[in-house]
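Everything below concerns the one structure shown next.
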Amino acid sequence: MSNYPVLIGGVGLVKGRIKNIGKAMVSVCDEVKPVIEHSNAFEGMPFKEINMVIRWAEKSVVEPEIGPLRKSKQSLDVATTISLHEGKAVENNPDHLKSLVKAELTKVLNAIGVKYGLCHINI
């Protein structure tokens with residue numbers, strides 16, 4: 001288990017890369033850490049950490065995929081899919097890139113909230 005309640009990574013399903021995406025992901029993780037910790041949102045949940053993967057593909061997928069709960073690590077795996085074109089369009093603007101990552105995290109948190117009854121978190 002890490003020191004972060006949300007870990008964000010990425011993987012390309014198509015050829016191409018998005019510049020500065022790693023910095024945006026780290027920035028979002030740093031920003032949401034105190035918000036989640038102060039909200040007690042994970043209290044009573046079967047997990048203490050969310051491992052989120054952003055997949056870069058030809059087309060975006062609206063609904064995030066909630067994967068297995070890893071009880072031994074107290075973590076929940078989730079994935080979301082964004083079109084590579086959408087990421088490339090904002091790769092040179094750090095604020096827009098960060099907003100893109102935050103929007104995907106918001107979708108993921110909402111989907112987890114529906115499935116597990118997680119309280120609403122404003123990020």
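Numbering starts fresh at 1 for the residues of each chain in the structure tokens, the chains themselves are lettered A, B, ... in the order given, and ligands are numbered from 1 as they appear.
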
Residues near region 18-23 of chain A, anyone? I mean within 12 Å using only C-alpha atoms, not counting same-chain ones fewer than 6 positions away, as a VMD selection string. chain A and resid 7 to 12 29 to 30 53 to 57 82 to 102

Applying 6 Å and only C-alpha atoms, which residues near region 40-52 of chain A remain after dropping the ones on its own chain fewer than 3 positions away? List them as a PyMOL selection string. chain A and resi 5-8+37+74-79+119

Hey, what does DSSP flag as strand (DSSP E or B) within chain A? Can you give it to me as a short mmCIF file (atom, residue, chain, number, x, y, z; two decimals) with all heavy atoms, in the first residue's frame?
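Result written to out24.cif:
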```
data_model
loop_
_atom_site.label_atom_id
_atom_site.label_comp_id
_atom_site.auth_asym_id
_atom_site.auth_seq_id
_atom_site.Cartn_x
_atom_site.Cartn_y
_atom_site.Cartn_z
N VAL A 6 -5.04 7.57 -3.96
CA VAL A 6 -5.28 7.36 -5.39
C VAL A 6 -3.94 7.38 -6.12
O VAL A 6 -3.17 8.33 -5.98
CB VAL A 6 -6.20 8.46 -5.99
CG1 VAL A 6 -6.35 8.28 -7.48
CG2 VAL A 6 -7.56 8.47 -5.32
N LEU A 7 -3.70 6.33 -6.89
CA LEU A 7 -2.52 6.26 -7.75
C LEU A 7 -3.01 6.23 -9.19
O LEU A 7 -3.93 5.48 -9.50
CB LEU A 7 -1.70 5.00 -7.46
CG LEU A 7 -1.08 4.92 -6.07
CD1 LEU A 7 -0.44 3.56 -5.86
CD2 LEU A 7 -0.04 6.02 -5.90
N ILE A 8 -2.41 7.04 -10.04
CA ILE A 8 -2.85 7.12 -11.43
C ILE A 8 -1.68 6.78 -12.34
O ILE A 8 -0.58 7.31 -12.18
CB ILE A 8 -3.38 8.52 -11.78
CG1 ILE A 8 -4.51 8.93 -10.83
CG2 ILE A 8 -3.87 8.56 -13.23
CD1 ILE A 8 -4.95 10.38 -10.98
N GLY A 9 -1.93 5.91 -13.29
CA GLY A 9 -0.94 5.53 -14.29
C GLY A 9 -1.59 5.53 -15.65
O GLY A 9 -2.79 5.77 -15.78
N GLY A 10 -0.83 5.24 -16.66
CA GLY A 10 -1.39 5.24 -18.00
C GLY A 10 -0.74 4.19 -18.88
O GLY A 10 0.37 3.74 -18.61
N VAL A 11 -1.48 3.81 -19.91
CA VAL A 11 -0.98 2.83 -20.87
C VAL A 11 -1.59 3.15 -22.24
O VAL A 11 -2.75 3.55 -22.33
CB VAL A 11 -1.32 1.39 -20.44
CG1 VAL A 11 -2.81 1.16 -20.39
CG2 VAL A 11 -0.65 0.37 -21.32
N GLY A 12 -0.79 3.02 -23.27
CA GLY A 12 -1.27 3.26 -24.62
C GLY A 12 -1.79 1.98 -25.26
O GLY A 12 -1.10 0.97 -25.26
N GLU A 49 -7.14 2.25 -1.04
CA GLU A 49 -6.39 2.81 -2.15
C GLU A 49 -7.08 2.48 -3.47
O GLU A 49 -7.60 1.38 -3.63
CB GLU A 49 -4.98 2.22 -2.12
CG GLU A 49 -4.06 2.65 -3.21
CD GLU A 49 -2.71 1.96 -3.06
OE1 GLU A 49 -1.93 2.36 -2.19
OE2 GLU A 49 -2.47 1.00 -3.81
N ILE A 50 -7.07 3.44 -4.38
CA ILE A 50 -7.60 3.23 -5.73
C ILE A 50 -6.42 3.29 -6.69
O ILE A 50 -5.66 4.26 -6.69
CB ILE A 50 -8.64 4.30 -6.10
CG1 ILE A 50 -9.85 4.20 -5.18
CG2 ILE A 50 -9.05 4.15 -7.56
CD1 ILE A 50 -10.83 5.35 -5.33
N ASN A 51 -6.27 2.25 -7.49
CA ASN A 51 -5.24 2.21 -8.53
C ASN A 51 -5.94 2.42 -9.87
O ASN A 51 -6.64 1.55 -10.35
CB ASN A 51 -4.51 0.86 -8.52
CG ASN A 51 -3.76 0.65 -7.24
OD1 ASN A 51 -3.11 1.56 -6.73
ND2 ASN A 51 -3.83 -0.54 -6.69
N MET A 52 -5.74 3.60 -10.44
CA MET A 52 -6.44 3.98 -11.67
C MET A 52 -5.48 3.98 -12.85
O MET A 52 -4.39 4.54 -12.77
CB MET A 52 -7.03 5.39 -11.48
CG MET A 52 -7.74 5.94 -12.68
SD MET A 52 -8.46 7.54 -12.26
CE MET A 52 -8.10 8.45 -13.74
N VAL A 53 -5.90 3.36 -13.92
CA VAL A 53 -5.13 3.35 -15.15
C VAL A 53 -5.94 4.08 -16.23
O VAL A 53 -7.11 3.78 -16.44
CB VAL A 53 -4.83 1.91 -15.63
CG1 VAL A 53 -4.17 1.91 -16.99
CG2 VAL A 53 -3.97 1.20 -14.61
N ILE A 54 -5.30 5.05 -16.86
CA ILE A 54 -5.91 5.74 -18.00
C ILE A 54 -5.38 5.06 -19.25
O ILE A 54 -4.17 5.00 -19.47
CB ILE A 54 -5.58 7.23 -18.02
CG1 ILE A 54 -6.12 7.91 -16.77
CG2 ILE A 54 -6.15 7.89 -19.29
CD1 ILE A 54 -5.76 9.38 -16.66
N ARG A 55 -6.28 4.54 -20.05
CA ARG A 55 -5.90 3.90 -21.31
C ARG A 55 -6.08 4.91 -22.44
O ARG A 55 -7.11 5.56 -22.54
CB ARG A 55 -6.82 2.70 -21.59
CG ARG A 55 -6.75 1.62 -20.55
CD ARG A 55 -7.80 0.58 -20.87
NE ARG A 55 -7.82 -0.48 -19.90
CZ ARG A 55 -8.92 -1.13 -19.54
NH1 ARG A 55 -10.08 -0.84 -20.09
NH2 ARG A 55 -8.85 -2.08 -18.64
N TRP A 56 -5.06 5.02 -23.28
CA TRP A 56 -5.13 5.90 -24.45
C TRP A 56 -5.48 5.03 -25.66
O TRP A 56 -4.77 4.10 -25.96
CB TRP A 56 -3.80 6.61 -24.66
CG TRP A 56 -3.39 7.37 -23.43
CD1 TRP A 56 -2.46 7.00 -22.52
CD2 TRP A 56 -3.95 8.57 -22.94
NE1 TRP A 56 -2.40 7.92 -21.50
CE2 TRP A 56 -3.31 8.90 -21.73
CE3 TRP A 56 -4.95 9.44 -23.41
CZ2 TRP A 56 -3.60 10.04 -21.00
CZ3 TRP A 56 -5.24 10.58 -22.66
CH2 TRP A 56 -4.58 10.86 -21.48
N ALA A 57 -6.59 5.33 -26.31
CA ALA A 57 -7.10 4.49 -27.38
C ALA A 57 -7.59 5.34 -28.55
O ALA A 57 -7.47 6.56 -28.54
CB ALA A 57 -8.24 3.61 -26.85
N VAL A 61 -14.13 6.00 -23.94
CA VAL A 61 -15.21 5.19 -23.40
C VAL A 61 -15.78 5.95 -22.21
O VAL A 61 -15.03 6.38 -21.32
CB VAL A 61 -14.71 3.79 -22.97
CG1 VAL A 61 -15.82 2.99 -22.32
CG2 VAL A 61 -14.12 3.05 -24.15
N VAL A 62 -17.09 6.13 -22.20
CA VAL A 62 -17.72 6.96 -21.18
C VAL A 62 -17.63 6.34 -19.78
O VAL A 62 -17.25 7.00 -18.83
CB VAL A 62 -19.20 7.24 -21.54
CG1 VAL A 62 -19.89 8.03 -20.45
CG2 VAL A 62 -19.29 7.97 -22.87
N GLU A 63 -17.98 5.08 -19.67
CA GLU A 63 -18.03 4.43 -18.36
C GLU A 63 -16.68 3.83 -17.97
O GLU A 63 -16.10 3.07 -18.73
CB GLU A 63 -19.08 3.31 -18.36
CG GLU A 63 -20.50 3.81 -18.37
CD GLU A 63 -20.86 4.61 -17.14
OE1 GLU A 63 -20.51 4.19 -16.01
OE2 GLU A 63 -21.47 5.68 -17.30
N PRO A 64 -16.19 4.16 -16.78
CA PRO A 64 -14.96 3.53 -16.31
C PRO A 64 -15.21 2.06 -15.99
O PRO A 64 -16.34 1.65 -15.72
CB PRO A 64 -14.60 4.30 -15.06
CG PRO A 64 -15.71 5.20 -14.75
CD PRO A 64 -16.69 5.16 -15.87
N GLU A 65 -14.15 1.29 -16.01
CA GLU A 65 -14.22 -0.14 -15.71
C GLU A 65 -13.70 -0.37 -14.30
O GLU A 65 -12.55 -0.04 -14.00
CB GLU A 65 -13.36 -0.87 -16.72
CG GLU A 65 -13.38 -2.36 -16.62
CD GLU A 65 -12.46 -2.97 -17.66
OE1 GLU A 65 -12.55 -2.59 -18.85
OE2 GLU A 65 -11.65 -3.83 -17.28
N ILE A 66 -14.55 -0.88 -13.44
CA ILE A 66 -14.14 -1.17 -12.06
C ILE A 66 -13.68 -2.62 -12.02
O ILE A 66 -14.45 -3.53 -12.29
CB ILE A 66 -15.28 -0.92 -11.05
CG1 ILE A 66 -15.71 0.54 -11.12
CG2 ILE A 66 -14.83 -1.31 -9.65
CD1 ILE A 66 -16.89 0.89 -10.26
N GLY A 67 -12.42 -2.78 -11.71
CA GLY A 67 -11.82 -4.11 -11.69
C GLY A 67 -11.95 -4.77 -10.34
O GLY A 67 -12.78 -4.40 -9.52
N PRO A 68 -11.09 -5.73 -10.10
CA PRO A 68 -11.19 -6.51 -8.87
C PRO A 68 -10.71 -5.74 -7.64
O PRO A 68 -9.86 -4.87 -7.72
CB PRO A 68 -10.27 -7.70 -9.14
CG PRO A 68 -9.27 -7.19 -10.12
CD PRO A 68 -10.02 -6.20 -10.98
N LEU A 69 -11.30 -6.10 -6.54
CA LEU A 69 -10.89 -5.60 -5.24
C LEU A 69 -9.78 -6.51 -4.74
O LEU A 69 -9.96 -7.73 -4.69
CB LEU A 69 -12.08 -5.61 -4.28
CG LEU A 69 -11.82 -5.20 -2.86
CD1 LEU A 69 -11.39 -3.74 -2.80
CD2 LEU A 69 -13.07 -5.40 -2.03
N ARG A 70 -8.65 -5.96 -4.44
CA ARG A 70 -7.53 -6.75 -3.93
C ARG A 70 -7.53 -6.63 -2.41
O ARG A 70 -6.95 -5.68 -1.86
CB ARG A 70 -6.23 -6.28 -4.53
CG ARG A 70 -6.20 -6.48 -6.04
CD ARG A 70 -4.93 -5.95 -6.62
NE ARG A 70 -4.99 -6.03 -8.05
CZ ARG A 70 -4.13 -6.71 -8.78
NH1 ARG A 70 -3.16 -7.36 -8.21
NH2 ARG A 70 -4.24 -6.72 -10.09
N SER A 75 -6.82 -2.60 -1.99
CA SER A 75 -6.85 -1.68 -3.12
C SER A 75 -7.89 -2.10 -4.15
O SER A 75 -8.26 -3.26 -4.23
CB SER A 75 -5.47 -1.59 -3.78
OG SER A 75 -5.12 -2.80 -4.38
N LEU A 76 -8.35 -1.13 -4.90
CA LEU A 76 -9.35 -1.34 -5.94
C LEU A 76 -8.74 -0.89 -7.26
O LEU A 76 -8.23 0.22 -7.37
CB LEU A 76 -10.61 -0.52 -5.64
CG LEU A 76 -11.75 -0.63 -6.62
CD1 LEU A 76 -12.33 -2.04 -6.63
CD2 LEU A 76 -12.84 0.38 -6.28
N ASP A 77 -8.79 -1.77 -8.26
CA ASP A 77 -8.27 -1.45 -9.59
C ASP A 77 -9.40 -0.91 -10.46
O ASP A 77 -10.49 -1.50 -10.51
CB ASP A 77 -7.68 -2.70 -10.26
CG ASP A 77 -6.44 -3.20 -9.56
OD1 ASP A 77 -5.81 -2.42 -8.82
OD2 ASP A 77 -6.10 -4.38 -9.74
N VAL A 78 -9.13 0.22 -11.14
CA VAL A 78 -10.11 0.80 -12.05
C VAL A 78 -9.38 1.26 -13.32
O VAL A 78 -8.18 1.53 -13.29
CB VAL A 78 -10.86 1.99 -11.41
CG1 VAL A 78 -11.71 1.55 -10.26
CG2 VAL A 78 -9.91 3.08 -10.98
N ALA A 79 -10.12 1.35 -14.40
CA ALA A 79 -9.55 1.81 -15.67
C ALA A 79 -10.54 2.71 -16.38
O ALA A 79 -11.76 2.53 -16.28
CB ALA A 79 -9.18 0.62 -16.55
N THR A 80 -10.00 3.65 -17.09
CA THR A 80 -10.80 4.56 -17.90
C THR A 80 -10.10 4.71 -19.25
O THR A 80 -8.89 4.50 -19.34
CB THR A 80 -10.98 5.92 -17.17
OG1 THR A 80 -11.83 6.76 -17.93
CG2 THR A 80 -9.68 6.60 -16.90
N THR A 81 -10.86 5.04 -20.28
CA THR A 81 -10.29 5.11 -21.62
C THR A 81 -10.56 6.47 -22.25
O THR A 81 -11.70 6.92 -22.29
CB THR A 81 -10.88 3.99 -22.51
OG1 THR A 81 -10.69 2.74 -21.86
CG2 THR A 81 -10.22 3.97 -23.87
N ILE A 82 -9.49 7.10 -22.74
CA ILE A 82 -9.58 8.40 -23.40
C ILE A 82 -8.96 8.27 -24.79
O ILE A 82 -7.98 7.55 -24.96
CB ILE A 82 -8.80 9.48 -22.62
CG1 ILE A 82 -9.30 9.62 -21.19
CG2 ILE A 82 -8.88 10.83 -23.33
CD1 ILE A 82 -8.49 10.59 -20.36
N SER A 83 -9.50 9.00 -25.75
CA SER A 83 -8.91 8.95 -27.09
C SER A 83 -7.54 9.64 -27.05
O SER A 83 -7.36 10.67 -26.39
CB SER A 83 -9.81 9.62 -28.12
OG SER A 83 -9.71 11.02 -28.05
#
```

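In terms of minimum interatomic distance to Leu105 (chain A), A:Met25 ranks closest within A:Ser60, A:Lys73, A:Gly117, A:Met25, counting only C-alpha atoms.
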
Hey, can you check how far CA of Tyr4 (chain A) sits from CA of His38 (chain A)? 12.8 Å

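Distance annotation: of A:Val14, A:Ser72, A:Lys59, A:Glu104, the residue with the minimal separation from Val28 (chain A) is A:Glu104; atom set is only C-alpha atoms.
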
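Our summary of the geometry notes that CA of Ile123 (chain A) is positioned 26.0 Å from CA of Arg17 (chain A).
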
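Nearest-residue note for Ala103 (chain A): choosing from A:Lys115, A:Asn3, A:Asn122, A:Ile36, the minimum distance belongs to A:Asn122, counting only C-alpha atoms.
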
Using DSSP on the backbone coordinates, identify the residues of region 35-117 of chain A assigned to helix (DSSP H, G or I); present them as a ChimeraX atom specification. /A:35-39,84-90,94-116

Resulting file, chosen residues, N, CA, C and O atoms, as a short mmCIF file (atom, residue, chain, number, x, y, z; two decimals), in the first residue's frame:
```
data_model
loop_
_atom_site.label_atom_id
_atom_site.label_comp_id
_atom_site.auth_asym_id
_atom_site.auth_seq_id
_atom_site.Cartn_x
_atom_site.Cartn_y
_atom_site.Cartn_z
N VAL A 35 -7.54 16.09 0.10
CA VAL A 35 -9.00 16.19 -0.02
C VAL A 35 -9.65 14.87 0.39
O VAL A 35 -10.61 14.85 1.16
N ILE A 36 -9.12 13.78 -0.12
CA ILE A 36 -9.68 12.46 0.20
C ILE A 36 -9.42 12.11 1.66
O ILE A 36 -10.32 11.61 2.34
N GLU A 37 -8.23 12.38 2.15
CA GLU A 37 -7.92 12.05 3.54
C GLU A 37 -8.79 12.82 4.52
O GLU A 37 -9.23 12.28 5.52
N HIS A 38 -9.07 14.08 4.24
CA HIS A 38 -9.89 14.89 5.15
C HIS A 38 -11.38 14.59 5.03
O HIS A 38 -12.15 14.91 5.93
N SER A 39 -11.79 13.97 3.94
CA SER A 39 -13.21 13.66 3.75
C SER A 39 -13.62 12.37 4.42
O SER A 39 -14.81 12.11 4.57
N LEU A 84 -6.61 9.06 -27.75
CA LEU A 84 -5.26 9.63 -27.84
C LEU A 84 -5.34 11.04 -28.44
O LEU A 84 -4.64 11.95 -28.00
N HIS A 85 -6.23 11.21 -29.40
CA HIS A 85 -6.40 12.52 -30.05
C HIS A 85 -6.78 13.59 -29.02
O HIS A 85 -6.27 14.71 -29.06
N GLU A 86 -7.66 13.24 -28.08
CA GLU A 86 -8.09 14.19 -27.05
C GLU A 86 -6.91 14.60 -26.16
O GLU A 86 -6.75 15.77 -25.81
N GLY A 87 -6.08 13.64 -25.81
CA GLY A 87 -4.90 13.93 -25.00
C GLY A 87 -3.87 14.75 -25.75
O GLY A 87 -3.27 15.68 -25.20
N LYS A 88 -3.64 14.40 -27.04
CA LYS A 88 -2.67 15.13 -27.85
C LYS A 88 -3.09 16.60 -28.03
O LYS A 88 -2.25 17.48 -28.13
N ALA A 89 -4.39 16.85 -28.06
CA ALA A 89 -4.90 18.21 -28.26
C ALA A 89 -4.53 19.14 -27.11
O ALA A 89 -4.46 20.36 -27.30
N VAL A 90 -4.28 18.60 -25.92
CA VAL A 90 -4.00 19.44 -24.76
C VAL A 90 -2.61 19.18 -24.15
O VAL A 90 -2.28 19.72 -23.11
N PRO A 94 -0.32 22.44 -19.64
CA PRO A 94 -0.35 21.67 -18.39
C PRO A 94 -1.67 21.76 -17.62
O PRO A 94 -2.12 20.76 -17.06
N ASP A 95 -2.31 22.93 -17.63
CA ASP A 95 -3.57 23.07 -16.91
C ASP A 95 -4.69 22.25 -17.56
O ASP A 95 -5.48 21.61 -16.87
N HIS A 96 -4.76 22.26 -18.88
CA HIS A 96 -5.78 21.48 -19.58
C HIS A 96 -5.51 19.98 -19.43
O HIS A 96 -6.44 19.18 -19.29
N LEU A 97 -4.26 19.61 -19.47
CA LEU A 97 -3.89 18.20 -19.31
C LEU A 97 -4.28 17.71 -17.92
O LEU A 97 -4.84 16.63 -17.75
N LYS A 98 -3.98 18.53 -16.93
CA LYS A 98 -4.36 18.19 -15.55
C LYS A 98 -5.88 18.11 -15.41
O LYS A 98 -6.41 17.21 -14.75
N SER A 99 -6.60 19.02 -16.05
CA SER A 99 -8.07 18.99 -16.02
C SER A 99 -8.62 17.72 -16.65
O SER A 99 -9.62 17.16 -16.18
N LEU A 100 -7.98 17.27 -17.71
CA LEU A 100 -8.38 16.03 -18.37
C LEU A 100 -8.24 14.84 -17.41
O LEU A 100 -9.15 14.02 -17.29
N VAL A 101 -7.12 14.77 -16.71
CA VAL A 101 -6.89 13.69 -15.75
C VAL A 101 -7.89 13.78 -14.60
O VAL A 101 -8.47 12.78 -14.17
N LYS A 102 -8.12 14.99 -14.09
CA LYS A 102 -9.08 15.17 -12.99
C LYS A 102 -10.49 14.79 -13.40
O LYS A 102 -11.24 14.21 -12.61
N ALA A 103 -10.87 15.09 -14.63
CA ALA A 103 -12.20 14.73 -15.11
C ALA A 103 -12.37 13.21 -15.14
O ALA A 103 -13.43 12.69 -14.78
N GLU A 104 -11.32 12.51 -15.56
CA GLU A 104 -11.39 11.05 -15.57
C GLU A 104 -11.45 10.50 -14.15
O GLU A 104 -12.18 9.56 -13.88
N LEU A 105 -10.70 11.10 -13.23
CA LEU A 105 -10.75 10.67 -11.83
C LEU A 105 -12.14 10.91 -11.25
O LEU A 105 -12.66 10.07 -10.52
N THR A 106 -12.75 12.01 -11.60
CA THR A 106 -14.11 12.30 -11.12
C THR A 106 -15.09 11.24 -11.61
O THR A 106 -15.93 10.75 -10.84
N LYS A 107 -14.98 10.85 -12.89
CA LYS A 107 -15.84 9.77 -13.41
C LYS A 107 -15.62 8.48 -12.64
O LYS A 107 -16.57 7.77 -12.31
N VAL A 108 -14.36 8.18 -12.35
CA VAL A 108 -14.03 6.95 -11.63
C VAL A 108 -14.60 6.99 -10.22
O VAL A 108 -15.23 6.03 -9.76
N LEU A 109 -14.43 8.11 -9.52
CA LEU A 109 -14.95 8.23 -8.16
C LEU A 109 -16.47 8.13 -8.12
O LEU A 109 -17.04 7.51 -7.22
N ASN A 110 -17.13 8.70 -9.13
CA ASN A 110 -18.59 8.60 -9.20
C ASN A 110 -19.03 7.15 -9.43
O ASN A 110 -19.99 6.68 -8.80
N ALA A 111 -18.34 6.43 -10.30
CA ALA A 111 -18.68 5.03 -10.56
C ALA A 111 -18.44 4.17 -9.32
O ALA A 111 -19.24 3.29 -8.99
N ILE A 112 -17.35 4.43 -8.62
CA ILE A 112 -17.07 3.69 -7.38
C ILE A 112 -18.13 4.02 -6.33
O ILE A 112 -18.58 3.16 -5.58
N GLY A 113 -18.53 5.29 -6.29
CA GLY A 113 -19.58 5.70 -5.36
C GLY A 113 -20.89 4.97 -5.57
O GLY A 113 -21.55 4.57 -4.61
N VAL A 114 -21.24 4.76 -6.82
CA VAL A 114 -22.46 4.02 -7.13
C VAL A 114 -22.33 2.56 -6.69
O VAL A 114 -23.25 2.00 -6.09
N LYS A 115 -21.18 1.97 -6.93
CA LYS A 115 -20.99 0.56 -6.62
C LYS A 115 -20.81 0.29 -5.13
O LYS A 115 -21.34 -0.67 -4.59
N TYR A 116 -20.06 1.15 -4.44
CA TYR A 116 -19.71 0.90 -3.06
C TYR A 116 -20.33 1.86 -2.06
O TYR A 116 -20.10 1.75 -0.86
#
```
